[in-house]
$ cat upload16.txt   # compact mmCIF, C-alpha atoms
# COMPACT_ATOMS: atom_id res chain seq x y z
CA MET A 696 65.10 91.48 44.52
CA ARG A 697 67.83 94.13 44.44
CA GLY A 698 67.25 94.79 48.14
CA TRP A 699 68.00 91.17 49.00
CA THR A 700 71.16 91.23 46.89
CA GLY A 701 72.41 94.27 48.82
CA ILE A 702 71.66 92.62 52.17
CA ALA A 703 73.40 89.42 51.07
CA ALA A 704 76.44 91.41 49.98
CA VAL A 705 76.61 93.19 53.36
CA LEU A 706 76.23 89.89 55.20
CA GLY A 707 78.93 88.38 53.00
CA LEU A 708 81.31 91.19 53.93
CA ALA A 709 80.55 90.72 57.61
CA VAL A 710 81.32 87.01 57.38
CA ALA A 711 84.50 87.69 55.43
CA ALA A 712 85.87 90.10 58.09
CA PRO A 713 89.13 88.80 59.53
CA ALA A 714 88.86 86.81 62.73
CA GLY A 715 89.58 89.00 65.72
CA ALA A 716 88.60 92.20 63.92
CA TYR A 717 85.79 92.62 66.42
CA ALA A 718 87.40 90.73 69.30
CA PRO A 719 86.90 92.30 72.70
CA VAL A 720 89.88 93.82 74.49
CA PRO A 721 91.17 91.38 77.14
CA SER A 722 90.17 92.33 80.66
CA PRO A 723 92.71 92.98 83.40
CA ALA A 724 90.21 91.61 85.93
CA GLY A 725 91.38 88.38 87.51
CA LEU A 726 94.08 86.82 89.63
CA TRP A 727 97.74 87.71 88.96
CA LEU A 728 101.11 86.49 90.26
CA SER A 729 104.13 88.79 90.49
CA PRO A 730 107.22 88.02 88.38
CA HIS A 731 109.07 86.93 91.55
CA ASN A 732 106.21 84.54 92.46
CA ASN A 733 105.94 86.19 95.88
CA VAL A 734 102.67 88.18 95.68
CA ALA A 735 99.24 87.43 94.21
CA VAL A 736 96.76 90.22 93.47
CA ARG A 737 93.08 89.96 92.60
CA THR A 738 91.94 92.75 90.28
CA GLY A 739 88.36 93.83 89.78
CA ALA A 740 85.91 96.67 89.80
CA CYS A 741 86.02 99.33 92.50
CA GLY A 742 83.21 101.68 91.58
CA ALA A 743 83.76 102.81 87.99
CA HIS A 744 87.47 101.96 88.16
CA LEU A 745 89.71 98.90 88.34
CA CYS A 746 91.67 98.12 91.52
CA GLY A 747 93.81 95.25 92.77
CA TRP A 748 94.29 93.83 96.27
CA VAL A 749 96.89 91.47 97.72
CA VAL A 750 95.30 88.06 98.33
CA TRP A 751 98.51 86.12 99.01
CA ALA A 752 102.11 86.99 99.88
CA SER A 753 105.16 84.92 100.69
CA PRO A 754 106.85 85.38 104.07
CA SER A 755 109.67 87.36 102.42
CA ALA A 756 107.21 89.71 100.68
CA ARG A 757 105.39 90.27 103.99
CA ALA A 758 108.74 91.04 105.69
CA ASP A 759 109.72 93.48 102.90
CA ALA A 760 106.35 95.25 103.22
CA LYS A 761 106.80 95.48 106.98
CA ASP A 762 110.20 97.14 106.40
CA GLY A 763 108.32 99.67 104.24
CA GLY A 764 105.86 100.41 107.06
CA ILE A 765 103.02 98.09 106.00
CA GLU A 766 102.13 95.85 108.95
CA ARG A 767 99.53 93.75 107.12
CA LEU A 768 100.19 93.13 103.42
CA LEU A 769 97.15 90.90 102.79
CA GLY A 770 94.24 93.06 101.72
CA THR A 771 96.46 96.02 100.77
CA GLU A 772 95.32 97.78 97.61
CA LEU A 773 98.28 97.80 95.20
CA LEU A 774 96.48 98.95 92.05
CA GLU A 775 94.39 102.04 92.75
CA ASP A 776 91.69 103.70 90.65
CA TYR A 777 92.67 102.58 87.14
CA ALA A 778 90.53 103.97 84.33
CA ALA A 779 90.52 102.77 80.72
CA ASP A 780 92.33 105.29 78.52
CA GLY A 781 90.70 104.23 75.23
CA SER A 782 93.82 102.56 73.82
CA GLY A 783 93.38 99.19 75.53
CA ALA A 784 95.38 100.33 78.57
CA TRP A 785 94.40 101.68 81.97
CA THR A 786 95.98 104.49 83.99
CA GLY A 787 95.97 104.83 87.76
CA THR A 788 98.29 104.57 90.74
CA VAL A 789 100.45 101.66 91.85
CA PHE A 790 101.39 101.31 95.53
CA VAL A 791 104.78 99.70 96.24
CA PRO A 792 104.56 98.38 99.82
CA ASP A 793 108.27 97.78 100.46
CA MET A 794 108.89 101.44 99.58
CA GLY A 795 105.69 102.74 101.16
CA ARG A 796 105.13 104.93 98.05
CA ARG A 797 102.62 105.43 95.24
CA PHE A 798 103.52 106.05 91.61
CA ALA A 799 101.65 107.11 88.48
CA SER A 800 101.04 103.92 86.56
CA ARG A 801 99.73 102.34 83.39
CA ILE A 802 98.67 98.74 82.90
CA ASP A 803 98.01 96.82 79.72
CA LEU A 804 97.73 93.25 78.56
CA PRO A 805 100.25 92.29 75.87
CA ASN A 806 98.31 88.99 75.83
CA PRO A 807 95.32 87.71 77.87
CA ASP A 808 97.58 85.99 80.44
CA THR A 809 100.11 88.80 81.00
CA LEU A 810 99.45 92.01 82.91
CA ARG A 811 102.17 94.60 82.33
CA ILE A 812 102.39 97.17 85.14
CA ARG A 813 104.47 100.28 84.50
CA GLY A 814 105.13 102.78 87.28
CA CYS A 815 106.88 106.12 86.76
CA LEU A 816 108.54 108.89 88.76
CA TRP A 817 108.89 112.57 87.91
CA GLY A 818 106.33 112.73 85.15
CA GLY A 819 107.63 109.63 83.36
CA VAL A 820 111.35 110.42 83.48
CA ILE A 821 112.15 107.17 85.34
CA CYS A 822 109.87 104.18 84.77
CA ARG A 823 109.90 100.50 85.63
CA SER A 824 107.74 97.71 84.23
CA GLN A 825 106.84 94.25 85.48
CA ASN A 826 104.93 91.46 83.76
CA TRP A 827 102.53 89.61 86.06
CA SER A 828 101.08 86.20 85.08
CA ARG A 829 97.41 85.25 85.20
CA ILE A 830 96.82 82.33 87.56
CA GLU A 831 93.79 80.16 88.24
CA GLN A 832 94.01 80.02 92.04
CA VAL A 833 95.72 81.66 94.98
CA PRO A 834 99.07 79.98 95.78
CA HIS A 835 99.40 77.98 98.98
CA GLY A 836 102.22 78.35 101.47
$ encode --input "upload16.txt" --output "structure tokens"
Amino acid sequence: MRGWTGIAAVLGLAVAAPAGAYAPVPSPAGLWLSPHNNVAVRTGACGAHLCGWVVWASPSARADAKDGGIERLLGTELLEDYAADGSGAWTGTVFVPDMGRRFASRIDLPNPDTLRIRGCLWGGVICRSQNWSRIEQVPHG
């Protein structure tokens, strides 16, 4: 009988654990809209990493990318080779089309519907962050 009491006590502790204690980390995979509502990116697996490709861009975003040397913005990989770093964030490279440059980057999800992208220059001396919003479908227009 003592064995059953011990099992019941363990099960009772498991049930009493706070909600969310074992919640999975939100995934950055999905469809995201830039803070200026001018670019949508679909993120997903690329081999063992996470990547993100432009699936929609406004005419002004396409023109800005062209000024940066990118003739065709749709299909361009903006988020390159992100790997989970064990802290709930991912590190990789972000490509900024209107500048035609790549930067060391980190992404995380402050909440399931917000993707924070942080890109840095010179080993993290100068950094910039943007919060992208999860969307259900590609914008039209």
$ residues_around --input "upload16.txt" --residues "stretch 755-770 of chain A" --least-positions-apart "4" --cutoff "7 Å" --atoms "all atoms listed in the file" --output "PyMOL selection string"
chain A and resi 733-734+748-751+792-795
$ atom_distance --input "upload16.txt" --atom1 "atom CA of A:Arg829" --atom2 "atom CA of A:Pro807"
8.0 Å
$ residues_around --input "upload16.txt" --residues "A:Ser800" --least-positions-apart "6" --cutoff "6 Å" --atoms "all atoms listed in the file" --output "JSON, numbers by chain"
{"A": [786, 787, 788, 789, 813, 814]}
$ residues_near_point --input "upload16.txt" --point "(97.0, 85.8, 90.8)" --cutoff "8 Å" --atoms "only C-alpha atoms" --output "list of chain:residue names"
A:Gly725, A:Leu726, A:Trp727, A:Leu728, A:Ser729, A:Val734, A:Ala735, A:Val736, A:Arg737, A:Ser828, A:Arg829, A:Ile830, A:Glu831, A:Gln832, A:Val833, A:Pro834
$ closest_residue --input "upload16.txt" --among "A:Trp785, A:Phe790, A:Ala799, A:Leu773" --to "A:Arg811" --atoms "all atoms listed in the file"
A:Trp785
$ atom_distance --input "upload16.txt" --atom1 "atom CA of A:Cys741" --atom2 "atom CA of A:Val820"
29.1 Å
$ closest_residue --input "upload16.txt" --among "A:Gly739, A:Pro754, A:Gly818, A:Pro721" --to "A:Pro805" --atoms "only C-alpha atoms"
A:Pro721
$ atom_distance --input "upload16.txt" --atom1 "atom CA of A:Asp803" --atom2 "atom CA of A:Pro723"
7.5 Å
